[in-house]
file coords.pdb (PDB, C-alpha atoms)
ATOM      1  CA  MET A 103     -59.085 -91.597 -28.467
ATOM      2  CA  ALA A 104     -61.910 -90.246 -26.288
ATOM      3  CA  SER A 105     -61.186 -92.791 -23.545
ATOM      4  CA  LEU A 106     -57.532 -91.724 -23.577
ATOM      5  CA  ILE A 107     -58.512 -88.103 -22.979
ATOM      6  CA  ILE A 108     -60.980 -89.049 -20.208
ATOM      7  CA  LEU A 109     -58.347 -91.138 -18.459
ATOM      8  CA  THR A 110     -55.757 -88.377 -18.773
ATOM      9  CA  VAL A 111     -58.176 -85.846 -17.245
ATOM     10  CA  LEU A 112     -58.805 -88.352 -14.437
ATOM     11  CA  MET A 113     -55.043 -88.621 -13.862
ATOM     12  CA  ILE A 114     -54.706 -84.833 -13.629
ATOM     13  CA  LEU A 115     -57.638 -84.669 -11.160
ATOM     14  CA  GLY A 116     -56.030 -87.433  -9.084
ATOM     15  CA  ALA A 117     -52.761 -85.498  -8.976
ATOM     16  CA  ILE A 118     -54.555 -82.332  -7.818
ATOM     17  CA  VAL A 119     -56.451 -84.252  -5.089
ATOM     18  CA  ALA A 120     -53.186 -85.880  -3.973
ATOM     19  CA  LEU A 121     -51.590 -82.463  -3.605
ATOM     20  CA  GLU A 122     -54.478 -80.722  -1.889
ATOM     21  CA  SER A 123     -55.903 -83.348   0.492
ATOM     22  CA  LYS A 124     -55.339 -82.815   4.213
ATOM     23  CA  ASP A 125     -55.159 -86.537   4.971
ATOM     24  CA  VAL A 126     -51.918 -88.096   3.740
ATOM     25  CA  LEU A 127     -53.518 -91.535   3.350
ATOM     26  CA  SER A 128     -56.166 -90.245   0.946
ATOM     27  CA  GLY A 129     -53.423 -88.402  -0.916
ATOM     28  CA  ILE A 130     -51.537 -91.650  -1.431
ATOM     29  CA  ILE A 131     -54.699 -93.414  -2.623
ATOM     30  CA  SER A 132     -55.248 -90.603  -5.136
ATOM     31  CA  LEU A 133     -51.685 -91.216  -6.332
ATOM     32  CA  GLY A 134     -52.900 -94.751  -7.058
ATOM     33  CA  ILE A 135     -55.517 -93.310  -9.433
ATOM     34  CA  ILE A 136     -52.717 -91.866 -11.552
ATOM     35  CA  GLY A 137     -50.864 -95.163 -11.767
ATOM     36  CA  PHE A 138     -53.848 -97.373 -12.556
ATOM     37  CA  ALA A 139     -55.274 -94.937 -15.115
ATOM     38  CA  LEU A 140     -51.834 -94.896 -16.741
ATOM     39  CA  THR A 141     -51.972 -98.714 -16.883
ATOM     40  CA  ILE A 142     -55.260 -98.612 -18.802
ATOM     41  CA  ASN A 143     -53.795 -95.926 -21.071
ATOM     42  CA  PHE A 144     -50.890 -98.236 -21.916
ATOM     43  CA  LEU A 145     -53.324-101.066 -22.675
ATOM     44  CA  ILE A 146     -55.359 -98.836 -24.991
ATOM     45  CA  LEU A 147     -52.145 -97.840 -26.778
ATOM     46  CA  HIS A 148     -51.244-101.573 -27.255
ATOM     47  CA  ALA A 149     -48.242-101.666 -24.921
ATOM     48  CA  PRO A 150     -48.806-104.724 -22.688
ATOM     49  CA  ASP A 151     -45.155-104.823 -21.564
ATOM     50  CA  LEU A 152     -45.379-101.374 -20.041
ATOM     51  CA  ALA A 153     -48.841-102.091 -18.619
ATOM     52  CA  ILE A 154     -47.596-105.168 -16.733
ATOM     53  CA  VAL A 155     -44.634-103.290 -15.245
ATOM     54  CA  GLN A 156     -46.777-100.259 -14.404
ATOM     55  CA  ILE A 157     -49.551-102.159 -12.587
ATOM     56  CA  ILE A 158     -47.144-104.261 -10.495
ATOM     57  CA  ILE A 159     -44.875-101.339  -9.603
ATOM     58  CA  GLU A 160     -47.895 -99.203  -8.722
ATOM     59  CA  THR A 161     -49.322-101.845  -6.386
ATOM     60  CA  LEU A 162     -45.997-102.449  -4.652
ATOM     61  CA  THR A 163     -45.312 -98.710  -4.281
ATOM     62  CA  LEU A 164     -48.764 -98.144  -2.787
ATOM     63  CA  ILE A 165     -48.170-100.965  -0.282
ATOM     64  CA  ILE A 166     -44.785 -99.533   0.742
ATOM     65  CA  LEU A 167     -46.164 -95.978   1.067
ATOM     66  CA  ILE A 168     -49.214 -97.113   3.075
ATOM     67  CA  ALA A 169     -46.946 -99.164   5.342
ATOM     68  CA  ALA A 170     -44.840 -96.045   5.901
ATOM     69  CA  ILE A 171     -47.995 -93.965   6.633
ATOM     70  CA  LEU A 172     -49.380 -96.492   9.114
ATOM     71  CA  LYS A 173     -46.112 -96.403  11.069
ATOM     72  CA  THR A 174     -45.806 -92.603  11.182
ATOM     73  CA  THR A 175     -48.597 -90.043  10.928
ATOM     74  CA  ARG A 176     -51.589 -89.299   8.700
ATOM     75  CA  GLU A 177     -51.773 -85.562   9.295
ATOM     76  CA  ASP A 178     -50.543 -83.108   6.733
ATOM     77  CA  THR A 179     -48.280 -80.269   7.808
ATOM     78  CA  ILE A 180     -49.872 -76.843   8.060
ATOM     79  CA  GLU A 181     -48.221 -74.195   5.957
ATOM     80  CA  GLN A 182     -48.148 -70.533   6.926
ATOM     81  CA  PHE A 183     -48.477 -67.763   4.396
ATOM     82  CA  SER A 184     -45.380 -65.642   3.966
ATOM     83  CA  SER A 185     -43.838 -63.238   1.480
ATOM     84  CA  LYS A 186     -41.302 -65.846   0.408
ATOM     85  CA  LYS A 187     -44.205 -68.066  -0.672
ATOM     86  CA  LEU A 188     -45.447 -65.312  -2.981
ATOM     87  CA  LEU A 189     -42.108 -65.197  -4.812
ATOM     88  CA  LEU A 190     -42.206 -68.981  -5.240
ATOM     89  CA  TRP A 191     -45.730 -68.765  -6.703
ATOM     90  CA  PHE A 192     -44.579 -66.092  -9.124
ATOM     91  CA  LEU A 193     -41.553 -68.147 -10.236
ATOM     92  CA  GLY A 194     -43.785 -71.190 -10.660
ATOM     93  CA  LEU A 195     -46.152 -69.288 -12.926
ATOM     94  CA  ILE A 196     -43.240 -68.056 -15.061
ATOM     95  CA  PHE A 197     -41.923 -71.616 -15.365
ATOM     96  CA  MET A 198     -45.366 -72.898 -16.351
ATOM     97  CA  ALA A 199     -45.697 -70.272 -19.074
ATOM     98  CA  VAL A 200     -42.258 -71.076 -20.503
ATOM     99  CA  PHE A 201     -42.965 -74.828 -20.324
ATOM    100  CA  ILE A 202     -46.343 -74.605 -22.081
ATOM    101  CA  TYR A 203     -44.967 -72.307 -24.792
ATOM    102  CA  SER A 204     -41.980 -74.546 -25.543
ATOM    103  CA  SER A 205     -44.183 -77.688 -25.450
ATOM    104  CA  ILE A 206     -46.515 -76.210 -28.061
ATOM    105  CA  ARG A 207     -43.532 -75.328 -30.254
ATOM    106  CA  ILE A 208     -42.004 -78.803 -29.886
ATOM    107  CA  PHE A 209     -45.172 -80.876 -30.300
ATOM    108  CA  SER A 210     -46.091 -79.073 -33.514
ATOM    109  CA  HIS A 211     -42.936 -80.576 -35.058
ATOM    110  CA  LEU A 212     -43.670 -84.174 -34.007
ATOM    111  CA  PRO A 213     -45.363 -86.596 -36.443
ATOM    112  CA  GLN A 214     -49.127 -87.100 -36.205
ATOM    113  CA  PHE A 215     -50.466 -89.215 -33.328
ATOM    114  CA  GLY A 216     -50.499 -92.907 -34.218
ATOM    115  CA  GLU A 217     -48.239 -92.532 -37.238
ATOM    116  CA  GLN A 218     -44.791 -93.871 -36.710
ATOM    117  CA  SER A 219     -42.527 -92.539 -39.380
ATOM    118  CA  LEU A 220     -39.265 -92.844 -37.466
ATOM    119  CA  ARG A 221     -36.362 -94.377 -39.336
ATOM    120  CA  MET A 222     -34.952 -96.221 -36.295
ATOM    121  CA  ALA A 223     -38.253 -97.944 -35.429
ATOM    122  CA  LYS A 224     -38.548 -99.271 -38.977
ATOM    123  CA  ILE A 225     -35.126-100.926 -38.731
ATOM    124  CA  TYR A 226     -36.029-102.507 -35.389
ATOM    125  CA  ILE A 227     -39.331-103.888 -36.716
ATOM    126  CA  ASP A 228     -37.789-105.234 -39.919
ATOM    127  CA  GLN A 229     -34.639-106.824 -38.464
ATOM    128  CA  GLY A 230     -35.657-107.552 -34.863
ATOM    129  CA  LEU A 231     -36.568-111.205 -35.268
ATOM    130  CA  SER A 232     -33.908-112.121 -37.817
ATOM    131  CA  SER A 233     -30.939-110.573 -36.006
ATOM    132  CA  THR A 234     -31.779-111.468 -32.395
ATOM    133  CA  GLY A 235     -34.200-114.400 -32.620
ATOM    134  CA  ALA A 236     -36.431-113.015 -29.858
ATOM    135  CA  GLY A 237     -40.163-113.316 -30.482
ATOM    136  CA  ASN A 238     -40.985-110.369 -28.229
ATOM    137  CA  LEU A 239     -39.737-107.293 -30.073
ATOM    138  CA  VAL A 240     -39.632-105.219 -26.895
ATOM    139  CA  ALA A 241     -37.207-107.681 -25.308
ATOM    140  CA  ALA A 242     -35.100-107.566 -28.467
ATOM    141  CA  VAL A 243     -34.905-103.772 -28.251
ATOM    142  CA  ILE A 244     -34.249-103.397 -24.521
ATOM    143  CA  LEU A 245     -31.742-106.253 -24.216
ATOM    144  CA  ASP A 246     -30.018-106.274 -27.594
ATOM    145  CA  PHE A 247     -30.298-103.056 -29.603
ATOM    146  CA  ARG A 248     -30.486-100.796 -26.552
ATOM    147  CA  GLY A 249     -28.809-103.119 -24.070
ATOM    148  CA  TYR A 250     -26.607-100.414 -22.556
ATOM    149  CA  ASP A 251     -29.703 -98.604 -21.274
ATOM    150  CA  THR A 252     -30.920-101.690 -19.437
ATOM    151  CA  LEU A 253     -27.454-102.293 -18.010
ATOM    152  CA  GLY A 254     -27.333 -98.747 -16.683
ATOM    153  CA  GLU A 255     -30.856 -99.035 -15.301
ATOM    154  CA  ALA A 256     -30.044-102.221 -13.387
ATOM    155  CA  THR A 257     -26.886-100.604 -12.024
ATOM    156  CA  VAL A 258     -28.835 -97.509 -10.944
ATOM    157  CA  LEU A 259     -31.334 -99.722  -9.074
ATOM    158  CA  PHE A 260     -28.453-101.555  -7.367
ATOM    159  CA  THR A 261     -26.817 -98.260  -6.352
ATOM    160  CA  SER A 262     -30.076 -96.871  -4.954
ATOM    161  CA  VAL A 263     -30.632 -99.991  -2.853
ATOM    162  CA  VAL A 264     -27.080 -99.700  -1.533
ATOM    163  CA  GLY A 265     -27.876 -96.091  -0.589
ATOM    164  CA  VAL A 266     -31.133 -97.004   1.175
ATOM    165  CA  MET A 267     -29.488 -99.778   3.146
ATOM    166  CA  ALA A 268     -26.560 -97.550   4.105
ATOM    167  CA  VAL A 269     -28.853 -94.780   5.398
ATOM    168  CA  LEU A 270     -31.299 -97.052   7.254
ATOM    169  CA  ARG A 271     -28.799 -99.494   8.723
ATOM    170  CA  LYS A 272     -28.685-100.486  12.368
ATOM    171  CA  SER A 273     -25.230-101.983  12.813
ATOM    172  CA  GLY A 274     -22.095 -99.906  12.880
ATOM    173  CA  ARG A 275     -23.680 -96.647  14.020
ATOM    174  CA  LYS A 276     -22.348 -94.628  16.913
ATOM    175  CA  ARG A 277     -24.972 -93.990  19.568
ATOM    176  CA  SER A 278     -24.786 -90.314  20.429
TER     177      SER A 278
ATOM    178  CA  MET B  85     -44.761-104.589  11.857
ATOM    179  CA  ARG B  86     -47.421-106.878  13.340
ATOM    180  CA  GLY B  87     -49.160-109.642  11.472
ATOM    181  CA  MET B  88     -52.767-109.625  10.300
ATOM    182  CA  THR B  89     -55.812-111.795  11.018
ATOM    183  CA  ILE B  90     -56.206-115.477  10.168
ATOM    184  CA  ILE B  91     -58.339-114.639   7.113
ATOM    185  CA  VAL B  92     -55.489-112.682   5.557
ATOM    186  CA  LYS B  93     -53.044-115.449   6.448
ATOM    187  CA  GLN B  94     -55.161-118.144   4.793
ATOM    188  CA  ILE B  95     -55.691-116.077   1.624
ATOM    189  CA  THR B  96     -51.943-115.390   1.541
ATOM    190  CA  ASN B  97     -51.227-119.119   1.791
ATOM    191  CA  LEU B  98     -53.497-119.710  -1.180
ATOM    192  CA  MET B  99     -52.215-116.869  -3.330
ATOM    193  CA  VAL B 100     -48.447-116.885  -2.790
ATOM    194  CA  PRO B 101     -47.618-120.052  -4.812
ATOM    195  CA  SER B 102     -49.528-118.812  -7.864
ATOM    196  CA  ILE B 103     -47.968-115.337  -7.683
ATOM    197  CA  LEU B 104     -44.477-116.851  -7.401
ATOM    198  CA  LEU B 105     -45.179-119.205 -10.320
ATOM    199  CA  LEU B 106     -46.474-116.307 -12.446
ATOM    200  CA  GLY B 107     -43.351-114.297 -11.632
ATOM    201  CA  ILE B 108     -41.030-117.130 -12.652
ATOM    202  CA  TYR B 109     -43.073-117.673 -15.840
ATOM    203  CA  VAL B 110     -42.871-113.988 -16.772
ATOM    204  CA  VAL B 111     -39.098-113.955 -16.223
ATOM    205  CA  LEU B 112     -38.437-117.136 -18.213
ATOM    206  CA  HIS B 113     -40.742-116.200 -21.121
ATOM    207  CA  GLY B 114     -39.608-112.579 -21.271
ATOM    208  CA  HIS B 115     -38.278-112.964 -24.827
ATOM    209  CA  LEU B 116     -41.527-114.547 -26.089
ATOM    210  CA  THR B 117     -44.465-112.913 -24.297
ATOM    211  CA  PRO B 118     -45.014-109.449 -22.752
ATOM    212  CA  GLY B 119     -43.132-108.970 -19.548
ATOM    213  CA  GLY B 120     -39.487-109.632 -18.889
ATOM    214  CA  GLY B 121     -36.953-109.537 -16.134
ATOM    215  CA  PHE B 122     -38.176-106.336 -14.522
ATOM    216  CA  ALA B 123     -41.884-107.235 -14.366
ATOM    217  CA  GLY B 124     -41.220-110.796 -13.204
ATOM    218  CA  GLY B 125     -38.737-109.638 -10.589
ATOM    219  CA  VAL B 126     -41.235-107.186  -9.158
ATOM    220  CA  LEU B 127     -43.860-109.972  -9.044
ATOM    221  CA  ILE B 128     -41.466-112.187  -7.065
ATOM    222  CA  ALA B 129     -40.686-109.317  -4.694
ATOM    223  CA  GLY B 130     -44.413-108.654  -4.270
ATOM    224  CA  CYS B 131     -45.003-112.271  -3.302
ATOM    225  CA  PHE B 132     -42.486-112.047  -0.434
ATOM    226  CA  THR B 133     -43.843-108.615   0.523
ATOM    227  CA  LEU B 134     -47.302-110.160   0.867
ATOM    228  CA  LEU B 135     -45.890-112.831   3.181
ATOM    229  CA  ILE B 136     -44.210-110.217   5.383
ATOM    230  CA  LEU B 137     -47.386-108.098   5.507
ATOM    231  CA  ALA B 138     -49.572-111.049   6.490
ATOM    232  CA  TYR B 139     -47.321-112.722   9.034
ATOM    233  CA  GLY B 140     -45.514-109.681  10.436
ATOM    234  CA  SER B 141     -41.830-108.934  10.490
ATOM    235  CA  GLU B 142     -41.326-110.184  14.059
ATOM    236  CA  SER B 143     -42.193-113.772  13.211
ATOM    237  CA  ILE B 144     -39.182-114.196  10.921
ATOM    238  CA  LYS B 145     -35.531-113.410  11.446
ATOM    239  CA  SER B 146     -35.745-110.180   9.473
ATOM    240  CA  GLU B 147     -32.192-108.972   9.999
ATOM    241  CA  ALA B 148     -30.693-112.159   8.547
ATOM    242  CA  ARG B 149     -33.202-112.097   5.667
ATOM    243  CA  LYS B 150     -32.234-108.510   4.880
ATOM    244  CA  MET B 151     -28.591-109.450   4.541
ATOM    245  CA  ARG B 152     -29.496-112.476   2.422
ATOM    246  CA  ALA B 153     -31.682-110.387   0.095
ATOM    247  CA  SER B 154     -28.840-107.905  -0.295
ATOM    248  CA  LEU B 155     -26.422-110.750  -1.128
ATOM    249  CA  ILE B 156     -28.807-112.219  -3.738
ATOM    250  CA  GLU B 157     -29.237-108.793  -5.296
ATOM    251  CA  SER B 158     -25.478-108.380  -5.627
ATOM    252  CA  ILE B 159     -25.234-111.836  -7.209
ATOM    253  CA  GLY B 160     -27.924-110.855  -9.742
ATOM    254  CA  ILE B 161     -26.185-107.693 -10.901
ATOM    255  CA  PHE B 162     -22.865-109.590 -10.992
ATOM    256  CA  ILE B 163     -24.379-112.233 -13.324
ATOM    257  CA  PHE B 164     -25.721-109.467 -15.585
ATOM    258  CA  TRP B 165     -22.344-107.761 -15.886
ATOM    259  CA  PHE B 166     -20.666-111.136 -16.427
ATOM    260  CA  ILE B 167     -23.034-111.890 -19.346
ATOM    261  CA  THR B 168     -22.231-108.525 -20.898
ATOM    262  CA  ILE B 169     -18.471-109.072 -20.856
ATOM    263  CA  LEU B 170     -18.907-112.583 -22.275
ATOM    264  CA  GLY B 171     -18.617-111.056 -25.739
ATOM    265  CA  LEU B 172     -15.319-109.352 -24.864
ATOM    266  CA  MET B 173     -13.889-112.594 -23.526
ATOM    267  CA  ASN B 174     -14.618-114.299 -26.852
ATOM    268  CA  GLY B 175     -12.962-111.621 -28.930
ATOM    269  CA  THR B 176     -16.013-109.631 -30.047
ATOM    270  CA  TYR B 177     -17.708-106.513 -28.710
ATOM    271  CA  PHE B 178     -19.103-105.589 -25.302
ATOM    272  CA  PHE B 179     -22.724-106.820 -24.864
ATOM    273  CA  TYR B 180     -22.463-108.879 -28.075
ATOM    274  CA  ASN B 181     -25.209-111.515 -28.389
ATOM    275  CA  ILE B 182     -22.625-114.258 -28.809
ATOM    276  CA  ILE B 183     -24.869-117.271 -28.186
ATOM    277  CA  ALA B 184     -27.486-116.186 -30.761
ATOM    278  CA  LYS B 185     -24.811-115.798 -33.416
ATOM    279  CA  SER B 186     -23.017-119.109 -32.796
ATOM    280  CA  ASN B 187     -26.007-121.261 -31.824
ATOM    281  CA  PRO B 188     -29.333-119.742 -32.906
ATOM    282  CA  GLY B 189     -32.288-121.649 -31.577
ATOM    283  CA  GLU B 190     -35.673-122.084 -33.204
ATOM    284  CA  PRO B 191     -37.510-118.740 -32.975
ATOM    285  CA  PHE B 192     -40.565-118.587 -30.659
ATOM    286  CA  THR B 193     -39.281-121.439 -28.482
ATOM    287  CA  LEU B 194     -37.979-121.198 -24.926
ATOM    288  CA  PHE B 195     -34.342-121.844 -25.848
ATOM    289  CA  SER B 196     -33.816-119.103 -28.392
ATOM    290  CA  ALA B 197     -32.552-115.526 -28.669
ATOM    291  CA  GLY B 198     -29.117-116.195 -27.173
ATOM    292  CA  ILE B 199     -28.244-114.096 -24.145
ATOM    293  CA  ILE B 200     -31.638-112.360 -23.882
ATOM    294  CA  PRO B 201     -33.284-114.977 -21.593
ATOM    295  CA  LEU B 202     -30.094-115.173 -19.514
ATOM    296  CA  CYS B 203     -30.130-111.391 -19.065
ATOM    297  CA  ASN B 204     -33.823-111.575 -18.165
ATOM    298  CA  ILE B 205     -33.099-114.142 -15.440
ATOM    299  CA  ALA B 206     -30.269-112.005 -14.038
ATOM    300  CA  ILE B 207     -32.436-108.853 -14.055
ATOM    301  CA  GLY B 208     -35.289-110.791 -12.430
ATOM    302  CA  ILE B 209     -33.055-111.948  -9.568
ATOM    303  CA  GLU B 210     -31.615-108.456  -9.122
ATOM    304  CA  VAL B 211     -34.889-106.492  -9.234
ATOM    305  CA  GLY B 212     -36.783-108.933  -7.016
ATOM    306  CA  ALA B 213     -34.119-108.966  -4.329
ATOM    307  CA  ALA B 214     -33.606-105.184  -4.570
ATOM    308  CA  LEU B 215     -37.259-104.255  -4.045
ATOM    309  CA  PHE B 216     -37.688-106.865  -1.327
ATOM    310  CA  SER B 217     -34.636-105.584   0.556
ATOM    311  CA  ILE B 218     -35.963-102.000   0.370
ATOM    312  CA  PHE B 219     -39.309-103.184   1.768
ATOM    313  CA  ILE B 220     -37.812-105.268   4.558
ATOM    314  CA  THR B 221     -35.449-102.422   5.523
ATOM    315  CA  LEU B 222     -38.485-100.152   5.954
ATOM    316  CA  ALA B 223     -40.504-102.884   7.689
ATOM    317  CA  ILE B 224     -37.998-103.611  10.450
ATOM    318  CA  LEU B 225     -37.342 -99.924  11.089
ATOM    319  CA  LYS B 226     -39.049 -98.806  14.299
ATOM    320  CA  VAL B 227     -40.498 -95.335  14.745
ATOM    321  CA  GLY B 228     -38.803 -93.206  17.336
ATOM    322  CA  GLU B 229     -35.910 -95.597  17.664
ATOM    323  CA  ARG B 230     -32.551 -93.926  17.595
ATOM    324  CA  LEU B 231     -30.692 -95.260  14.609
TER     325      LEU B 231
END

call {"tool": "encode", "arguments": {"input": "coords.pdb", "output": "structure tokens"}}
result
Amino acid sequence: MASLIILTVLMILGAIVALESKDVLSGIISLGIIGFALTINFLILHAPDLAIVQIIIETLTLIILIAAILKTTREDTIEQFSSKKLLLWFLGLIFMAVFIYSSIRIFSHLPQFGEQSLRMAKIYIDQGLSSTGAGNLVAAVILDFRGYDTLGEATVLFTSVVGVMAVLRKSGRKRS
Amino acid sequence: MRGMTIIVKQITNLMVPSILLLGIYVVLHGHLTPGGGFAGGVLIAGCFTLLILAYGSESIKSEARKMRASLIESIGIFIFWFITILGLMNGTYFFYNIIAKSNPGEPFTLFSAGIIPLCNIAIGIEVGAALFSIFITLAILKVGERL
């Protein structure tokens, strides 16, 4: 439990450094801290499926972002102070207060940490192997019980790739 | 994107077969061990990304590879949707695990769990090709070039 809290604090510090650093490259590397600490968090919480996906996705995302940085610029943009900025700060503080208050109200109703007392999870654990035949219970949930979610997720990924390739295409554009 | 030094190229030559093998293993054993179609697909995409990073995008015919990756991605999502309507074609429900009900294999073996390994293979093809085509689209884009 203590290691979880230490890693979570490290993730928050990494996020703050990523926001505040003047060099974009060091900001991206601090983003990597968040992802890899999250991987260790998943391992501590006994979720190897999520840990595998998280560590691979994090590495590939870092490579793509660093490739984009090396081709463009490393300097951060300089922001000027203005009265409009003050209003945005004020609205952000109000949102943070509302968010923290509602989180405290919601999390007080959740079951205790580490105790799963959900009815749905019990059905999955009891009937997962007998009704699907899959040894990995996570695969049984994401591809049989909750298969529609995975179908939608794969379709969303396909649509986003179509969007990227349509925006960044070379052929068929008018040169103006 | 230019290639890297000979050290990086040699290490890439050593590493790429094992990464590709691990990706295929994770996809095929998704219903038995941790992992699955998504994780294995990303591993396969990462293997090709490593090749592009080491050897540079000028050394290969990137434009043709981009179109091929896009085609393979479309084939992957098509296989996934085809597996889901397999249940409808046999008179049951959408996304029904029809193979596990008619022909259940021995649990904890490779040929078990009906359509789940087939879906994992389809997702692996789709995710790998999708991420690789995003990377290669960014890699062959030149800065300052008018699109």

call {"tool": "resolve_selection", "arguments": {"input": "coords.pdb", "expression": "the PyMOL selection byres ((chain A and resi 158) around 12)", "output": "ChimeraX atom specification"}}
result
/A:134,137-138,141,151-157,159-165 /B:103,107,119,122-131,212,215

call {"tool": "resolve_selection", "arguments": {"input": "coords.pdb", "expression": "the PyMOL selection byres ((chain A and resi 107-124) around 9)", "output": "PyMOL selection string"}}
result
chain A and resi 103-106+125-140+142-143+176-180

call {"tool": "write_last_selection", "arguments": {"input": "coords.pdb", "atoms": "C-alpha atoms", "output": "compact mmCIF listing (two decimals), keeping the file's coordinate frame"}}
result
# COMPACT_ATOMS: atom_id res chain seq x y z
CA MET A 103 -59.08 -91.60 -28.47
CA ALA A 104 -61.91 -90.25 -26.29
CA SER A 105 -61.19 -92.79 -23.54
CA LEU A 106 -57.53 -91.72 -23.58
CA ASP A 125 -55.16 -86.54 4.97
CA VAL A 126 -51.92 -88.10 3.74
CA LEU A 127 -53.52 -91.54 3.35
CA SER A 128 -56.17 -90.24 0.95
CA GLY A 129 -53.42 -88.40 -0.92
CA ILE A 130 -51.54 -91.65 -1.43
CA ILE A 131 -54.70 -93.41 -2.62
CA SER A 132 -55.25 -90.60 -5.14
CA LEU A 133 -51.68 -91.22 -6.33
CA GLY A 134 -52.90 -94.75 -7.06
CA ILE A 135 -55.52 -93.31 -9.43
CA ILE A 136 -52.72 -91.87 -11.55
CA GLY A 137 -50.86 -95.16 -11.77
CA PHE A 138 -53.85 -97.37 -12.56
CA ALA A 139 -55.27 -94.94 -15.12
CA LEU A 140 -51.83 -94.90 -16.74
CA ILE A 142 -55.26 -98.61 -18.80
CA ASN A 143 -53.80 -95.93 -21.07
CA ARG A 176 -51.59 -89.30 8.70
CA GLU A 177 -51.77 -85.56 9.30
CA ASP A 178 -50.54 -83.11 6.73
CA THR A 179 -48.28 -80.27 7.81
CA ILE A 180 -49.87 -76.84 8.06

call {"tool": "closest_residue", "arguments": {"input": "coords.pdb", "among": "A:Thr257, A:Gly249, A:Phe183, A:Leu270", "to": "Phe178 (chain B)", "atoms": "only C-alpha atoms"}}
result
A:Gly249

call {"tool": "closest_residue", "arguments": {"input": "coords.pdb", "among": "A:Arg248, A:Lys224, A:Lys272, A:Lys186", "to": "chain B", "atoms": "all atoms listed in the file"}}
result
A:Lys272

call {"tool": "closest_atom_pairs", "arguments": {"input": "coords.pdb", "of": "chain B", "to": "chain A", "cutoff": "6 Å", "atoms": "all atoms listed in the file", "output": "tab-separated table"}}
result
residue	atom	partner	partner_atom	distance
B:His115	CA	A:Asn238	CA	5.1
B:Leu116	CA	A:Asn238	CA	4.7
B:Thr117	CA	A:Asn238	CA	5.8
B:Pro118	CA	A:Asp151	CA	4.8
B:Gly119	CA	A:Asp151	CA	5.0
B:Ala123	CA	A:Val155	CA	4.9
B:Pro191	CA	A:Gly235	CA	5.5
B:Phe192	CA	A:Gly237	CA	5.3
B:Ala197	CA	A:Gly235	CA	4.4

call {"tool": "axis_aligned_box", "arguments": {"input": "coords.pdb", "around": "region 103-114 of chain A", "padding_each_side": "5 Å", "output": "lines of an AutoDock Vina configuration file"}}
result
center_x = -58.3
center_y = -88.8
center_z = -21.0
size_x = 17.2
size_y = 18.0
size_z = 24.8

call {"tool": "residues_around", "arguments": {"input": "coords.pdb", "residues": "Glu157 (chain B)", "least_positions_apart": "5", "cutoff": "7 Å", "atoms": "only C-alpha atoms", "output": "CSV table (one decimal) with C-alpha atoms, keeping the file's coordinate frame"}}
result
chain,number,residue,atom,x,y,z
B,209,ILE,CA,-33.1,-111.9,-9.6
B,210,GLU,CA,-31.6,-108.5,-9.1
B,213,ALA,CA,-34.1,-109.0,-4.3
B,214,ALA,CA,-33.6,-105.2,-4.6

call {"tool": "resolve_selection", "arguments": {"input": "coords.pdb", "expression": "the PyMOL selection byres ((chain B and resi 220) around 9)", "output": "list in words"}}
result
Thr133, Ile136, Ser141, Ser146, Glu147, Arg149, Lys150, Leu215, Phe216, Ser217, Ile218, Phe219, Thr221, Leu222, Ala223, Ile224 and Leu225 of chain B

call {"tool": "atom_distance", "arguments": {"input": "coords.pdb", "atom1": "CA of Met151 (chain B)", "atom2": "CA of Phe166 (chain B)"}}
result
22.5 Å
